[in-house]
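J.: My structure file protein_20.cif, mmCIF, C-alpha atoms, is below:
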data_query
loop_
_atom_site.group_PDB
_atom_site.id
_atom_site.type_symbol
_atom_site.label_atom_id
_atom_site.label_comp_id
_atom_site.auth_asym_id
_atom_site.auth_seq_id
_atom_site.Cartn_x
_atom_site.Cartn_y
_atom_site.Cartn_z
ATOM 1 C CA MET A 1 32.930 -8.081 17.774
ATOM 2 C CA LEU A 2 32.518 -6.663 14.277
ATOM 3 C CA GLU A 3 33.749 -9.977 12.830
ATOM 4 C CA LEU A 4 31.086 -11.789 14.854
ATOM 5 C CA ILE A 5 28.305 -9.525 13.537
ATOM 6 C CA LYS A 6 29.609 -9.706 9.962
ATOM 7 C CA GLN A 7 29.118 -13.438 9.508
ATOM 8 C CA PRO A 8 25.623 -14.687 8.592
ATOM 9 C CA TRP A 9 23.562 -15.028 11.776
ATOM 10 C CA PRO A 10 22.216 -18.408 12.896
ATOM 11 C CA TRP A 11 18.429 -18.768 12.961
ATOM 12 C CA TYR A 12 18.156 -18.636 16.758
ATOM 13 C CA THR A 13 20.057 -15.333 17.029
ATOM 14 C CA SER A 14 17.951 -13.872 14.226
ATOM 15 C CA GLY A 15 14.658 -15.081 15.719
ATOM 16 C CA ALA A 16 15.538 -13.806 19.186
ATOM 17 C CA MET A 17 16.517 -10.407 17.773
ATOM 18 C CA ILE A 18 13.239 -10.111 15.838
ATOM 19 C CA GLY A 19 11.364 -10.900 19.062
ATOM 20 C CA PHE A 20 13.446 -8.253 20.798
ATOM 21 C CA THR A 21 12.538 -5.675 18.116
ATOM 22 C CA MET A 22 8.858 -6.380 18.732
ATOM 23 C CA VAL A 23 9.235 -6.011 22.521
ATOM 24 C CA LEU A 24 11.206 -2.791 22.058
ATOM 25 C CA LEU A 25 8.381 -1.252 19.986
ATOM 26 C CA ILE A 26 5.788 -2.436 22.531
ATOM 27 C CA TYR A 27 7.871 -0.834 25.287
ATOM 28 C CA PHE A 28 7.885 2.417 23.300
ATOM 29 C CA GLY A 29 4.078 2.257 23.386
ATOM 30 C CA LYS A 30 3.737 1.144 19.739
ATOM 31 C CA SER A 31 3.400 -2.143 17.920
ATOM 32 C CA PHE A 32 5.410 -4.111 15.373
ATOM 33 C CA GLY A 33 3.742 -4.087 11.948
ATOM 34 C CA VAL A 34 5.417 -2.861 8.786
ATOM 35 C CA SER A 35 2.664 -2.973 6.160
ATOM 36 C CA SER A 36 0.607 -0.164 7.791
ATOM 37 C CA ASN A 37 3.288 2.120 6.387
ATOM 38 C CA LEU A 38 2.041 1.401 2.868
ATOM 39 C CA ARG A 39 -1.352 2.842 3.802
ATOM 40 C CA THR A 40 0.348 5.841 5.411
ATOM 41 C CA LEU A 41 2.406 6.436 2.255
ATOM 42 C CA CYS A 42 -0.792 6.381 0.150
ATOM 43 C CA THR A 43 -2.292 8.951 2.517
ATOM 44 C CA ILE A 44 0.772 11.201 2.255
ATOM 45 C CA ALA A 45 0.508 10.937 -1.548
ATOM 46 C CA GLY A 46 -2.995 12.406 -1.261
ATOM 47 C CA ALA A 47 -5.188 9.282 -1.525
ATOM 48 C CA GLY A 48 -7.334 10.521 1.380
ATOM 49 C CA ALA A 49 -9.014 13.133 -0.790
ATOM 50 C CA LYS A 50 -10.723 10.448 -2.894
ATOM 51 C CA VAL A 51 -10.825 7.326 -0.740
ATOM 52 C CA LYS A 52 -12.096 7.358 2.835
ATOM 53 C CA PHE A 53 -9.797 4.501 3.924
ATOM 54 C CA PHE A 54 -6.828 6.836 3.486
ATOM 55 C CA ASP A 55 -8.436 9.823 5.189
ATOM 56 C CA PHE A 56 -6.657 9.810 8.555
ATOM 57 C CA ASP A 57 -4.026 11.857 10.322
ATOM 58 C CA TRP A 58 -0.836 10.234 9.025
ATOM 59 C CA LYS A 59 1.261 12.060 11.616
ATOM 60 C CA THR A 60 0.056 9.495 14.195
ATOM 61 C CA GLN A 61 2.066 6.969 12.148
ATOM 62 C CA LYS A 62 5.204 9.064 11.831
ATOM 63 C CA TRP A 63 7.055 6.796 14.276
ATOM 64 C CA ASN A 64 6.458 3.793 11.994
ATOM 65 C CA LEU A 65 7.737 5.683 8.931
ATOM 66 C CA LEU A 66 10.875 6.563 10.883
ATOM 67 C CA PHE A 67 11.239 2.867 11.715
ATOM 68 C CA LEU A 68 10.924 2.121 7.984
ATOM 69 C CA VAL A 69 13.539 4.727 7.058
ATOM 70 C CA GLY A 70 15.824 3.221 9.701
ATOM 71 C CA SER A 71 15.370 -0.245 8.214
ATOM 72 C CA VAL A 72 16.533 0.994 4.784
ATOM 73 C CA PHE A 73 19.630 2.374 6.462
ATOM 74 C CA GLY A 74 20.088 -0.942 8.311
ATOM 75 C CA GLY A 75 20.077 -2.707 4.939
ATOM 76 C CA LEU A 76 22.740 -0.283 3.708
ATOM 77 C CA LEU A 77 24.945 -0.989 6.744
ATOM 78 C CA ALA A 78 24.482 -4.752 6.258
ATOM 79 C CA SER A 79 25.661 -4.477 2.647
ATOM 80 C CA THR A 80 28.713 -2.357 3.473
ATOM 81 C CA ILE A 81 30.545 -2.387 6.819
ATOM 82 C CA LEU A 82 28.681 -5.491 8.023
ATOM 83 C CA LYS A 83 28.822 -7.429 4.760
ATOM 84 C CA SER A 84 29.747 -11.079 5.035
ATOM 85 C CA ASP A 85 32.358 -12.383 2.601
ATOM 86 C CA GLN A 86 30.816 -15.854 2.552
ATOM 87 C CA PRO A 87 28.257 -16.873 -0.075
ATOM 88 C CA LEU A 88 24.743 -17.716 1.118
ATOM 89 C CA LYS A 89 24.455 -21.408 2.042
ATOM 90 C CA LEU A 90 21.352 -22.430 0.144
ATOM 91 C CA SER A 91 20.167 -26.026 0.283
ATOM 92 C CA GLU A 92 21.363 -28.045 -2.726
ATOM 93 C CA ALA A 93 17.798 -29.244 -3.361
ATOM 94 C CA THR A 94 16.630 -25.626 -3.741
ATOM 95 C CA VAL A 95 19.541 -24.835 -6.070
ATOM 96 C CA GLN A 96 18.473 -27.765 -8.291
ATOM 97 C CA ASP A 97 14.760 -26.842 -8.200
ATOM 98 C CA LEU A 98 15.500 -23.236 -9.144
ATOM 99 C CA ARG A 99 17.812 -24.336 -11.945
ATOM 100 C CA SER A 100 14.900 -26.204 -13.522
ATOM 101 C CA LEU A 101 12.995 -22.882 -13.453
ATOM 102 C CA GLY A 102 15.899 -21.240 -15.251
ATOM 103 C CA ILE A 103 17.039 -19.301 -12.177
ATOM 104 C CA THR A 104 20.735 -19.583 -11.323
ATOM 105 C CA PHE A 105 21.929 -19.519 -7.704
ATOM 106 C CA ASP A 106 24.697 -16.923 -7.547
ATOM 107 C CA GLY A 107 25.527 -16.991 -3.813
ATOM 108 C CA GLU A 108 24.019 -13.539 -3.224
ATOM 109 C CA LEU A 109 20.802 -12.742 -1.319
ATOM 110 C CA ASN A 110 18.666 -12.289 -4.435
ATOM 111 C CA PRO A 111 19.018 -13.756 -7.923
ATOM 112 C CA SER A 112 20.340 -11.405 -10.602
ATOM 113 C CA ASP A 113 18.114 -13.429 -12.959
ATOM 114 C CA ILE A 114 15.132 -11.627 -11.361
ATOM 115 C CA PHE A 115 16.474 -8.479 -9.688
ATOM 116 C CA GLY A 116 19.248 -7.626 -12.130
ATOM 117 C CA PRO A 117 18.508 -4.724 -14.519
ATOM 118 C CA ASP A 118 18.266 -6.987 -17.605
ATOM 119 C CA PHE A 119 15.216 -8.805 -16.260
ATOM 120 C CA ALA A 120 13.721 -6.203 -13.886
ATOM 121 C CA LEU A 121 13.645 -3.536 -16.580
ATOM 122 C CA SER A 122 12.342 -5.834 -19.332
ATOM 123 C CA VAL A 123 8.580 -5.626 -19.955
ATOM 124 C CA LYS A 124 8.020 -9.130 -18.568
ATOM 125 C CA GLY A 125 10.265 -8.625 -15.529
ATOM 126 C CA PHE A 126 8.777 -5.237 -14.684
ATOM 127 C CA ILE A 127 5.225 -6.620 -14.843
ATOM 128 C CA ILE A 128 6.163 -9.630 -12.675
ATOM 129 C CA LEU A 129 7.775 -7.487 -9.955
ATOM 130 C CA LEU A 130 4.988 -4.895 -10.030
ATOM 131 C CA THR A 131 2.270 -7.569 -9.866
ATOM 132 C CA GLY A 132 4.081 -9.394 -7.060
ATOM 133 C CA GLY A 133 4.224 -6.175 -5.054
ATOM 134 C CA LEU A 134 0.582 -5.464 -5.829
ATOM 135 C CA LEU A 135 -0.451 -8.859 -4.413
ATOM 136 C CA VAL A 136 1.619 -8.245 -1.269
ATOM 137 C CA GLY A 137 0.175 -4.760 -0.728
ATOM 138 C CA PHE A 138 -3.433 -5.730 -1.442
ATOM 139 C CA GLY A 139 -3.221 -8.973 0.531
ATOM 140 C CA ALA A 140 -1.552 -7.376 3.545
ATOM 141 C CA ARG A 141 -4.233 -4.706 3.894
ATOM 142 C CA TYR A 142 -7.076 -7.156 3.211
ATOM 143 C CA ALA A 143 -5.695 -9.539 5.856
ATOM 144 C CA GLY A 144 -5.036 -6.590 8.182
ATOM 145 C CA GLY A 145 -1.308 -7.211 8.474
ATOM 146 C CA CYS A 146 1.763 -8.908 7.065
ATOM 147 C CA THR A 147 4.483 -11.176 8.399
ATOM 148 C CA SER A 148 5.403 -8.762 11.186
ATOM 149 C CA GLY A 149 1.869 -7.814 12.237
ATOM 150 C CA HIS A 150 0.351 -11.298 12.052
ATOM 151 C CA ALA A 151 3.103 -13.949 12.091
ATOM 152 C CA ILE A 152 5.207 -12.244 14.770
ATOM 153 C CA SER A 153 3.040 -9.750 16.732
ATOM 154 C CA GLY A 154 -0.285 -11.580 16.323
ATOM 155 C CA LEU A 155 0.959 -15.099 17.047
ATOM 156 C CA SER A 156 2.979 -13.831 20.026
ATOM 157 C CA ASN A 157 -0.296 -12.484 21.420
ATOM 158 C CA LEU A 158 -1.977 -15.854 20.658
ATOM 159 C CA GLN A 159 -4.450 -14.352 18.197
ATOM 160 C CA LEU A 160 -6.452 -16.953 16.281
ATOM 161 C CA PRO A 161 -7.108 -14.527 13.370
ATOM 162 C CA SER A 162 -3.343 -14.176 12.944
ATOM 163 C CA LEU A 163 -2.982 -17.950 12.761
ATOM 164 C CA LEU A 164 -5.612 -17.961 9.995
ATOM 165 C CA ALA A 165 -3.692 -15.237 8.176
ATOM 166 C CA VAL A 166 -0.419 -17.179 8.472
ATOM 167 C CA ILE A 167 -2.168 -20.292 7.099
ATOM 168 C CA GLY A 168 -3.322 -18.081 4.214
ATOM 169 C CA PHE A 169 0.239 -16.761 3.686
ATOM 170 C CA PHE A 170 1.499 -20.325 3.372
ATOM 171 C CA ALA A 171 -1.350 -21.518 1.175
ATOM 172 C CA GLY A 172 -0.652 -18.637 -1.227
ATOM 173 C CA GLY A 173 3.095 -19.187 -1.054
ATOM 174 C CA LEU A 174 2.792 -22.896 -1.854
ATOM 175 C CA LEU A 175 0.376 -22.199 -4.709
ATOM 176 C CA MET A 176 2.824 -19.709 -6.198
ATOM 177 C CA THR A 177 5.893 -21.893 -5.643
ATOM 178 C CA TYR A 178 4.560 -25.169 -7.020
ATOM 179 C CA LEU A 179 1.919 -24.147 -9.562
ATOM 180 C CA LEU A 180 2.481 -20.612 -10.775
ATOM 181 C CA LEU A 181 6.257 -20.049 -10.731
ATOM 182 C CA PRO A 182 6.886 -22.798 -13.326
ATOM 183 C CA LEU A 183 4.287 -21.146 -15.600
ATOM 184 C CA ILE A 184 5.587 -17.616 -15.012
ATOM 185 C CA PHE A 185 9.279 -18.309 -15.511
ATOM 186 C CA LYS A 186 8.982 -20.793 -18.353
ATOM 187 C CA ILE A 187 7.032 -18.647 -20.805
ATOM 188 C CA MET B 1 15.308 12.497 20.521
ATOM 189 C CA LYS B 2 11.750 11.191 20.512
ATOM 190 C CA SER B 3 12.158 10.246 16.863
ATOM 191 C CA LEU B 4 15.657 8.873 17.181
ATOM 192 C CA LYS B 5 14.661 5.740 19.076
ATOM 193 C CA PHE B 6 12.372 4.650 16.236
ATOM 194 C CA ILE B 7 15.051 5.265 13.627
ATOM 195 C CA VAL B 8 17.576 3.301 15.698
ATOM 196 C CA THR B 9 15.099 0.424 16.189
ATOM 197 C CA GLY B 10 14.525 0.460 12.422
ATOM 198 C CA VAL B 11 18.269 0.331 11.739
ATOM 199 C CA LEU B 12 18.515 -2.627 14.102
ATOM 200 C CA PHE B 13 15.596 -4.331 12.337
ATOM 201 C CA GLY B 14 17.192 -3.763 8.919
ATOM 202 C CA ILE B 15 20.486 -5.279 10.068
ATOM 203 C CA ILE B 16 18.676 -8.269 11.638
ATOM 204 C CA MET B 17 16.628 -8.957 8.508
ATOM 205 C CA ALA B 18 19.685 -8.765 6.252
ATOM 206 C CA LYS B 19 22.089 -10.717 8.476
ATOM 207 C CA SER B 20 19.486 -13.434 9.065
ATOM 208 C CA GLU B 21 19.090 -13.651 5.271
ATOM 209 C CA ALA B 22 15.314 -13.329 5.767
ATOM 210 C CA ILE B 23 15.382 -10.687 2.997
ATOM 211 C CA SER B 24 16.666 -13.304 0.565
ATOM 212 C CA TRP B 25 14.451 -14.429 -2.316
ATOM 213 C CA TYR B 26 16.386 -17.706 -2.256
ATOM 214 C CA ARG B 27 15.655 -18.283 1.448
ATOM 215 C CA ILE B 28 11.927 -17.704 0.922
ATOM 216 C CA GLN B 29 11.902 -20.240 -1.921
ATOM 217 C CA GLU B 30 13.813 -22.690 0.280
ATOM 218 C CA MET B 31 11.171 -22.170 2.993
ATOM 219 C CA PHE B 32 8.183 -22.751 0.701
ATOM 220 C CA ARG B 33 9.912 -25.884 -0.645
ATOM 221 C CA PHE B 34 10.580 -27.136 2.926
ATOM 222 C CA GLN B 35 14.233 -27.693 2.050
ATOM 223 C CA SER B 36 15.794 -26.000 5.066
ATOM 224 C CA PHE B 37 14.901 -25.285 8.673
ATOM 225 C CA HIS B 38 16.448 -21.785 8.526
ATOM 226 C CA MET B 39 13.339 -19.596 7.998
ATOM 227 C CA PHE B 40 11.121 -21.816 10.167
ATOM 228 C CA GLY B 41 13.742 -21.567 12.912
ATOM 229 C CA ILE B 42 13.783 -17.760 12.666
ATOM 230 C CA ILE B 43 9.991 -17.333 12.731
ATOM 231 C CA GLY B 44 9.572 -20.092 15.347
ATOM 232 C CA THR B 45 12.152 -18.578 17.722
ATOM 233 C CA ALA B 46 10.702 -15.084 17.282
ATOM 234 C CA VAL B 47 7.162 -16.287 18.024
ATOM 235 C CA LEU B 48 8.164 -18.511 20.968
ATOM 236 C CA LEU B 49 10.207 -15.800 22.671
ATOM 237 C CA GLY B 50 7.683 -13.151 21.612
ATOM 238 C CA ALA B 51 4.834 -15.104 23.197
ATOM 239 C CA LEU B 52 6.841 -15.534 26.389
ATOM 240 C CA ALA B 53 7.610 -11.801 26.455
ATOM 241 C CA VAL B 54 3.965 -10.804 25.846
ATOM 242 C CA TYR B 55 2.873 -13.239 28.595
ATOM 243 C CA LEU B 56 5.330 -11.713 31.072
ATOM 244 C CA LEU B 57 4.453 -8.121 30.079
ATOM 245 C CA LYS B 58 0.785 -8.894 30.775
ATOM 246 C CA LYS B 59 1.373 -10.933 33.937
ATOM 247 C CA PHE B 60 3.520 -8.298 35.615
ATOM 248 C CA LYS B 61 1.459 -5.430 34.152
ATOM 249 C CA ILE B 62 4.620 -3.787 32.850
ATOM 250 C CA ARG B 63 4.155 -0.169 31.837
ATOM 251 C CA ASP B 64 5.603 1.334 28.706
ATOM 252 C CA TYR B 65 8.355 3.927 28.354
ATOM 253 C CA HIS B 66 5.883 6.766 29.040
ATOM 254 C CA GLY B 67 4.523 5.028 32.142
ATOM 255 C CA ASN B 68 1.241 4.104 30.443
ATOM 256 C CA PRO B 69 -0.295 0.625 30.708
ATOM 257 C CA ILE B 70 0.532 -1.564 27.704
ATOM 258 C CA VAL B 71 -2.614 -2.425 25.758
ATOM 259 C CA PHE B 72 -2.665 -5.474 23.472
ATOM 260 C CA GLN B 73 -5.417 -5.132 20.911
ATOM 261 C CA ASP B 74 -7.295 -8.240 19.879
ATOM 262 C CA LYS B 75 -7.717 -8.747 16.134
ATOM 263 C CA ASP B 76 -11.298 -8.655 14.825
ATOM 264 C CA LYS B 77 -12.805 -12.131 14.764
ATOM 265 C CA SER B 78 -13.696 -13.273 11.269
ATOM 266 C CA PHE B 79 -12.585 -15.780 8.644
ATOM 267 C CA PRO B 80 -12.680 -14.517 5.040
ATOM 268 C CA ARG B 81 -10.393 -11.529 5.328
ATOM 269 C CA TYR B 82 -7.584 -13.476 6.991
ATOM 270 C CA LEU B 83 -7.736 -16.511 4.725
ATOM 271 C CA ILE B 84 -8.367 -14.741 1.389
ATOM 272 C CA GLY B 85 -6.209 -11.720 2.166
ATOM 273 C CA GLY B 86 -3.509 -14.018 3.534
ATOM 274 C CA LEU B 87 -3.608 -16.195 0.416
ATOM 275 C CA ILE B 88 -3.236 -13.187 -1.888
ATOM 276 C CA PHE B 89 -0.352 -11.930 0.257
ATOM 277 C CA GLY B 90 1.315 -15.345 0.111
ATOM 278 C CA LEU B 91 1.180 -15.388 -3.701
ATOM 279 C CA GLY B 92 3.075 -12.108 -3.813
ATOM 280 C CA TRP B 93 5.476 -13.118 -1.045
ATOM 281 C CA ALA B 94 6.612 -16.253 -2.882
ATOM 282 C CA LEU B 95 6.860 -14.404 -6.208
ATOM 283 C CA THR B 96 8.936 -11.444 -5.026
ATOM 284 C CA GLY B 97 10.583 -13.179 -2.059
ATOM 285 C CA ALA B 98 9.793 -10.101 -0.017
ATOM 286 C CA CYS B 99 7.182 -9.078 2.499
ATOM 287 C CA PRO B 100 6.822 -5.348 3.266
ATOM 288 C CA GLY B 101 9.758 -5.032 5.723
ATOM 289 C CA PRO B 102 12.331 -6.854 3.586
ATOM 290 C CA MET B 103 11.292 -4.871 0.474
ATOM 291 C CA PHE B 104 12.637 -1.722 2.075
ATOM 292 C CA VAL B 105 15.669 -3.384 3.667
ATOM 293 C CA ASN B 106 16.545 -4.772 0.221
ATOM 294 C CA ILE B 107 16.446 -1.297 -1.308
ATOM 295 C CA GLY B 108 18.934 -0.151 1.329
ATOM 296 C CA TYR B 109 21.037 -3.238 0.599
ATOM 297 C CA GLY B 110 21.324 -2.078 -3.005
ATOM 298 C CA TYR B 111 18.621 -4.105 -4.757
ATOM 299 C CA TRP B 112 17.123 -1.199 -6.686
ATOM 300 C CA ALA B 113 14.633 -3.406 -8.522
ATOM 301 C CA MET B 114 12.747 -3.726 -5.217
ATOM 302 C CA ILE B 115 11.537 -0.163 -5.822
ATOM 303 C CA ILE B 116 9.291 -1.684 -8.522
ATOM 304 C CA VAL B 117 7.925 -4.142 -5.926
ATOM 305 C CA VAL B 118 7.295 -1.298 -3.456
ATOM 306 C CA LEU B 119 5.467 0.697 -6.154
ATOM 307 C CA GLY B 120 3.316 -2.370 -6.836
ATOM 308 C CA SER B 121 2.560 -2.773 -3.127
ATOM 309 C CA LEU B 122 1.431 0.862 -2.913
ATOM 310 C CA VAL B 123 -0.861 0.335 -5.907
ATOM 311 C CA GLY B 124 -2.193 -2.841 -4.232
ATOM 312 C CA THR B 125 -2.834 -0.999 -0.978
ATOM 313 C CA TYR B 126 -4.635 1.761 -2.880
ATOM 314 C CA ILE B 127 -6.828 -0.732 -4.755
ATOM 315 C CA TYR B 128 -7.761 -2.360 -1.432
ATOM 316 C CA GLY B 129 -8.801 1.015 -0.030
ATOM 317 C CA LEU B 130 -10.827 1.671 -3.157
ATOM 318 C CA ILE B 131 -12.832 -1.579 -3.141
ATOM 319 C CA LYS B 132 -12.724 -2.679 0.504
ATOM 320 C CA ASP B 133 -16.441 -2.141 1.136
ATOM 321 C CA ARG B 134 -17.276 -4.582 -1.643
ATOM 322 C CA LEU B 135 -15.048 -7.367 -0.295
ATOM 323 C CA PRO B 136 -16.119 -10.043 2.205
ATOM 324 C CA HIS B 137 -14.416 -9.395 5.566
#
Kindly return the structure encoded in the file as structure tokens.

T.:
Amino acid sequence: MLELIKQPWPWYTSGAMIGFTMVLLIYFGKSFGVSSNLRTLCTIAGAGAKVKFFDFDWKTQKWNLLFLVGSVFGGLLASTILKSDQPLKLSEATVQDLRSLGITFDGELNPSDIFGPDFALSVKGFIILLTGGLLVGFGARYAGGCTSGHAISGLSNLQLPSLLAVIGFFAGGLLMTYLLLPLIFKI
Amino acid sequence: MKSLKFIVTGVLFGIIMAKSEAISWYRIQEMFRFQSFHMFGIIGTAVLLGALAVYLLKKFKIRDYHGNPIVFQDKDKSFPRYLIGGLIFGLGWALTGACPGPMFVNIGYGYWAMIIVVLGSLVGTYIYGLIKDRLPH
């Protein structure tokens, strides 16, 4: 059983399990949406005193923070007792494309060329990662949700606004991938 | 015990996201370059089964764990916020390879640099709260 869980999961198992997570949260009387936690964290840090948007009772969102804490622990389990010994099977075309950006495929989940300490703690690397996060945080709140809230929860409930948001996610992703990444990683 | 079920669901979610490789920067690049079906398969399966589940929950008026009716909230109808906000989100998603869930799962996995991304996302959320009344929604 453990051997079965340890190997990388096929897309259909993964997709079905994500759907199951959403249903589980609905059954608990909640909803599946991760980015709301970022607002809650701002509120806990005291942002509500100055900005009205953060002035709400964060305890109503405690369940979602617990979910978030659990997910960190899930990541830890996946990297230890559930770690696969096989390298990630990335498409050869992607490996080639990334090589031309100067990013080496190392068989792990994330490139050390970006997330390793040498780059992440350099001035350029730090600014790139911080700005990337800033865009995600700002965009998620502006759009009223992220991949979980719109792409999974919203589309499952056949919400047209969520479809618009997902179209936006992809438009932004394509713009970054084809136009901006070459500029960012080649300077 | 009330809290435990959310922690356990979170643990499950973290394992799913890591084992599906959806927390991988490489996989997100592969998706935006349309060079593999993997990520599309994951999102497609989740949405298809999710839609079926939501349909059944509504049709049979299933009640939640506390015995209350399940309420599905409709999203506000508008265009700008979803398209512009979505586009900004997408820029960050392709750059960092992480949306909010995977950021945290990655930290647990041992990718400490994701803490920088999380800090950025908190700053971004704060800026939105600060200027939201001046943005088209």

J.: Evaluate the PyMOL selection byres ((chain A and resi 106) around 12) on the structure here and hand back the selected residues as JSON, numbers by chain.

T.: {"A": [86, 87, 88, 89, 90, 95, 98, 99, 103, 104, 105, 107, 108, 109, 110, 111, 112, 113, 114, 115, 116], "B": [24, 25, 26]}

J.: Mind checking which residues fall within 12 Å of Gly149 in chain A, counting all atoms listed in the file, ignoring those fewer than 5 positions away in the same chain, and posting them as a PyMOL selection string?

T.: (chain A and resi 22+30-37+140-141+143-144+154-157+159+161-163+165-166) or (chain B and resi 47+73-75+86+99-101)

J.: Any idea what's packed within 10 Å of Pro69 in chain B, counting all atoms listed in the file, ignoring anything in its chain fewer than 4 positions away? Could you give it as a list of chain:residue names?

T.: A:Tyr27, A:Gly29, B:Leu57, B:Lys58, B:Lys61, B:Ile62, B:Arg63, B:Asp64, B:Tyr65

J.: Find, counting only C-alpha atoms, the residue in A:Phe138, A:Phe185, A:Phe56, A:Tyr178 that gets nearest to chain B.

T.: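 With only C-alpha atoms as the atom set, the closest residue is A:Phe138.
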
J.: Taking all atoms listed in the file into account, name the residue in B:Trp93, B:Phe79, B:Phe104, B:Phe60 that is nearest to His137 in chain B.

T.: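 The shortest atom-to-atom distance to His137 in chain B comes from B:Phe79.
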
J.: What are the closest atom pairs, with distances in Å to one decimal, for each residue of chain A lying within 6 Å of chain B, using all atoms listed in the file, rows by chain and rising residue number, as CSV?

T.:
residue,atom,partner,partner_atom,distance
A:Pro8,CA,B:Lys19,CA,5.3
A:Trp9,CA,B:Ser20,CA,5.1
A:Trp11,CA,B:Ile42,CA,4.8
A:Ser14,CA,B:Ser20,CA,5.4
A:Gly15,CA,B:Ile42,CA,4.2
A:Ala16,CA,B:Ala46,CA,5.4
A:Ile18,CA,B:Ala46,CA,5.8
A:Gly19,CA,B:Ala46,CA,4.6
A:Tyr27,CA,B:Asp64,CA,4.6
A:Phe28,CA,B:Tyr65,CA,5.3
A:Gly29,CA,B:Asp64,CA,5.6
A:Val34,CA,B:Gly101,CA,5.7
A:Ser35,CA,B:Pro100,CA,5.6
A:Leu38,CA,B:Leu122,CA,5.8
A:Phe53,CA,B:Gly129,CA,5.4
A:Leu66,CA,B:Ile7,CA,5.2
A:Phe67,CA,B:Gly10,CA,4.1
A:Leu68,CA,B:Gly10,CA,6.0
A:Gly70,CA,B:Gly10,CA,4.1
A:Ser71,CA,B:Gly14,CA,4.0
A:Val72,CA,B:Gly108,CA,4.4
A:Phe73,CA,B:Gly108,CA,5.8
A:Gly74,CA,B:Val11,CA,4.1
A:Gly75,CA,B:Tyr109,CA,4.5
A:Leu76,CA,B:Gly108,CA,4.5
A:Ala78,CA,B:Ile15,CA,5.5
A:Ser79,CA,B:Tyr109,CA,5.2
A:Thr94,CA,B:Glu30,CA,5.7
A:Leu109,CA,B:Ser24,CA,4.6
A:Asn110,CA,B:Trp25,CA,5.2
A:Phe115,CA,B:Ala113,CA,5.5
A:Leu129,CA,B:Val117,CA,5.2
A:Leu130,CA,B:Gly120,CA,4.4
A:Gly132,CA,B:Gly92,CA,4.3
A:Gly133,CA,B:Ser121,CA,4.2
A:Leu134,CA,B:Gly124,CA,4.1
A:Leu135,CA,B:Gly92,CA,4.8
A:Val136,CA,B:Phe89,CA,4.4
A:Gly137,CA,B:Ser121,CA,3.9
A:Phe138,CA,B:Gly124,CA,4.2
A:Gly139,CA,B:Phe89,CA,4.1
A:Ala140,CA,B:Phe89,CA,5.7
A:Tyr142,CA,B:Gly85,CA,4.8
A:Ala143,CA,B:Gly85,CA,4.3
A:Ile152,CA,B:Val47,CA,5.5
A:Ser156,CA,B:Ala51,CA,3.9
A:Leu164,CA,B:Tyr82,CA,5.7
A:Ala165,CA,B:Tyr82,CA,4.4
A:Gly168,CA,B:Gly86,CA,4.1
A:Phe169,CA,B:Gly90,CA,4.0
A:Phe170,CA,B:Gly90,CA,6.0
A:Ala171,CA,B:Leu87,CA,5.8
A:Gly172,CA,B:Gly90,CA,4.1
A:Gly173,CA,B:Gly90,CA,4.4
A:Leu174,CA,B:Phe32,CA,6.0
A:Met176,CA,B:Leu91,CA,5.3
